[in-house]
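Working notes, structure below.
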Amino acid sequence: MWNEPYLETCCRASLHRLVLAGTLGRPDGLKDGPCLARLTAMGLVRQRPADGRYEITDAGRARHATEILKRRASLPS
């Protein structure tokens, strides 16, 4: 059963760019700013207080794996 909010194509792309950026993160003020704000509200991304850059959270990594990489989620034991 699908129980996660839908991610628009632009937000999925933004989430993928965060994965590609790695620990560097993505700066604020880019064209995907609205998507980063949406992903932050969903808990998939956070904005670092020190430098204002966005980075992916563990929940974001899991969502990226299942929705973008199309990997199955692990079933609880």
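Each chain in the structure tokens gets a letter, A, B, ..., in the order shown, and its residues are numbered from 1; ligands are numbered from 1 in order too.
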
Nearby residues (only C-alpha atoms) at most 10 Å from region 47-56 of chain A, same-chain spacing under 5 positions excluded, as a compact mmCIF listing (two decimals) with N, CA and C atoms, in the first residue's frame:
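Okay, this is what ended up in result-v6.txt:
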# COMPACT_ATOMS: atom_id res chain seq x y z
N LEU A 15 16.02 15.86 -5.18
CA LEU A 15 16.49 14.87 -4.22
C LEU A 15 17.69 14.12 -4.78
N HIS A 16 17.64 13.78 -6.06
CA HIS A 16 18.75 13.08 -6.70
C HIS A 16 19.99 13.98 -6.76
N ARG A 17 19.81 15.25 -7.07
CA ARG A 17 20.95 16.18 -7.09
C ARG A 17 21.61 16.27 -5.72
N LEU A 18 20.82 16.20 -4.66
CA LEU A 18 21.40 16.21 -3.32
C LEU A 18 22.26 14.98 -3.08
N VAL A 19 21.81 13.84 -3.55
CA VAL A 19 22.61 12.61 -3.41
C VAL A 19 23.93 12.79 -4.17
N ALA A 21 25.46 15.53 -4.85
CA ALA A 21 26.28 16.57 -4.22
C ALA A 21 27.05 16.02 -3.02
N GLY A 22 26.57 14.95 -2.44
CA GLY A 22 27.25 14.33 -1.30
C GLY A 22 27.31 15.25 -0.09
N THR A 23 28.43 15.22 0.61
CA THR A 23 28.56 16.00 1.84
C THR A 23 28.67 17.49 1.58
N LEU A 24 29.00 17.88 0.36
CA LEU A 24 29.07 19.30 0.02
C LEU A 24 27.70 19.96 0.17
N GLY A 25 26.64 19.25 -0.20
CA GLY A 25 25.29 19.80 -0.12
C GLY A 25 24.99 20.74 -1.27
N ARG A 26 23.82 21.34 -1.23
CA ARG A 26 23.40 22.28 -2.28
C ARG A 26 23.14 23.63 -1.64
N PRO A 27 23.59 24.69 -2.29
CA PRO A 27 23.39 26.02 -1.71
C PRO A 27 21.94 26.48 -1.82
N ASP A 28 21.59 27.42 -0.98
CA ASP A 28 20.28 28.05 -1.03
C ASP A 28 20.27 29.03 -2.20
N GLY A 29 19.10 29.32 -2.73
CA GLY A 29 18.97 30.33 -3.77
C GLY A 29 19.04 29.81 -5.19
N GLY A 33 15.04 25.70 -5.30
CA GLY A 33 14.76 26.14 -3.93
C GLY A 33 13.37 25.76 -3.44
N LEU A 36 13.47 22.10 -2.62
CA LEU A 36 14.25 21.85 -1.41
C LEU A 36 13.44 22.22 -0.18
N ALA A 37 12.70 23.31 -0.25
CA ALA A 37 11.84 23.70 0.88
C ALA A 37 10.75 22.65 1.11
N LEU A 39 10.90 19.44 0.27
CA LEU A 39 11.56 18.24 0.78
C LEU A 39 11.96 18.41 2.25
N THR A 40 12.32 19.62 2.62
CA THR A 40 12.65 19.91 4.03
C THR A 40 11.41 19.72 4.89
N ARG A 61 17.50 9.55 2.06
CA ARG A 61 18.26 8.48 1.42
C ARG A 61 17.39 7.26 1.17
N ALA A 62 16.57 6.93 2.15
CA ALA A 62 15.67 5.78 2.00
C ALA A 62 14.66 6.03 0.89
N HIS A 64 15.01 8.07 -1.66
CA HIS A 64 15.76 8.07 -2.91
C HIS A 64 15.98 6.63 -3.39

DSSP on the backbone, helix (DSSP H, G or I) only: what residues of region 25-69 of chain A does that give? Format it as a CSV table (one decimal) with N, CA and C atoms, in the first residue's frame.
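Output saved as out-v1.csv:
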chain,number,residue,atom,x,y,z
A,33,GLY,N,15.0,25.7,-5.3
A,33,GLY,CA,14.8,26.1,-3.9
A,33,GLY,C,13.4,25.8,-3.4
A,34,PRO,N,12.3,26.0,-4.2
A,34,PRO,CA,11.0,25.5,-3.8
A,34,PRO,C,10.9,24.0,-3.5
A,35,CYS,N,11.6,23.2,-4.3
A,35,CYS,CA,11.6,21.8,-4.1
A,35,CYS,C,12.3,21.4,-2.8
A,36,LEU,N,13.5,22.1,-2.6
A,36,LEU,CA,14.2,21.8,-1.4
A,36,LEU,C,13.4,22.2,-0.2
A,37,ALA,N,12.7,23.3,-0.2
A,37,ALA,CA,11.8,23.7,0.9
A,37,ALA,C,10.8,22.7,1.1
A,38,ARG,N,10.2,22.1,0.0
A,38,ARG,CA,9.1,21.1,0.2
A,38,ARG,C,9.7,19.8,0.7
A,39,LEU,N,10.9,19.4,0.3
A,39,LEU,CA,11.6,18.2,0.8
A,39,LEU,C,12.0,18.4,2.2
A,40,THR,N,12.3,19.6,2.6
A,40,THR,CA,12.6,19.9,4.0
A,40,THR,C,11.4,19.7,4.9
A,41,ALA,N,10.3,20.2,4.4
A,41,ALA,CA,9.0,20.1,5.2
A,41,ALA,C,8.6,18.6,5.3
A,58,ASP,N,18.6,10.8,6.5
A,58,ASP,CA,18.4,9.3,6.4
A,58,ASP,C,17.1,9.0,5.7
A,59,ALA,N,16.0,9.7,6.1
A,59,ALA,CA,14.7,9.4,5.5
A,59,ALA,C,14.8,9.8,4.0
A,60,GLY,N,15.5,10.8,3.6
A,60,GLY,CA,15.7,11.2,2.2
A,60,GLY,C,16.5,10.1,1.4
A,61,ARG,N,17.5,9.6,2.1
A,61,ARG,CA,18.3,8.5,1.4
A,61,ARG,C,17.4,7.3,1.2
A,62,ALA,N,16.6,6.9,2.2
A,62,ALA,CA,15.7,5.8,2.0
A,62,ALA,C,14.7,6.0,0.9
A,63,ARG,N,14.1,7.2,0.8
A,63,ARG,CA,13.1,7.6,-0.2
A,63,ARG,C,13.8,7.6,-1.6
A,64,HIS,N,15.0,8.1,-1.7
A,64,HIS,CA,15.8,8.1,-2.9
A,64,HIS,C,16.0,6.6,-3.4
A,65,ALA,N,16.3,5.8,-2.5
A,65,ALA,CA,16.6,4.4,-2.8
A,65,ALA,C,15.3,3.7,-3.4
A,66,THR,N,14.2,3.9,-2.7
A,66,THR,CA,13.0,3.2,-3.2
A,66,THR,C,12.3,3.9,-4.4
A,67,GLU,N,12.4,5.2,-4.4
A,67,GLU,CA,11.6,5.9,-5.5
A,67,GLU,C,12.5,6.2,-6.7
A,68,ILE,N,13.7,6.6,-6.6
A,68,ILE,CA,14.5,6.9,-7.7
A,68,ILE,C,15.4,5.8,-8.2

- Message: What parts of chain A does DSSP call strand (DSSP E or B)? I'd like the answer as JSON, numbers by chain.
- Response: {"A": [26, 45, 46, 47, 54, 55, 56]}

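Of the residues under consideration (A:Gly43, A:Thr57, A:Cys11, A:Lys70), A:Cys11 shows the shortest atom-to-atom contact distance to Lys31 (chain A) when counting only C-alpha atoms.
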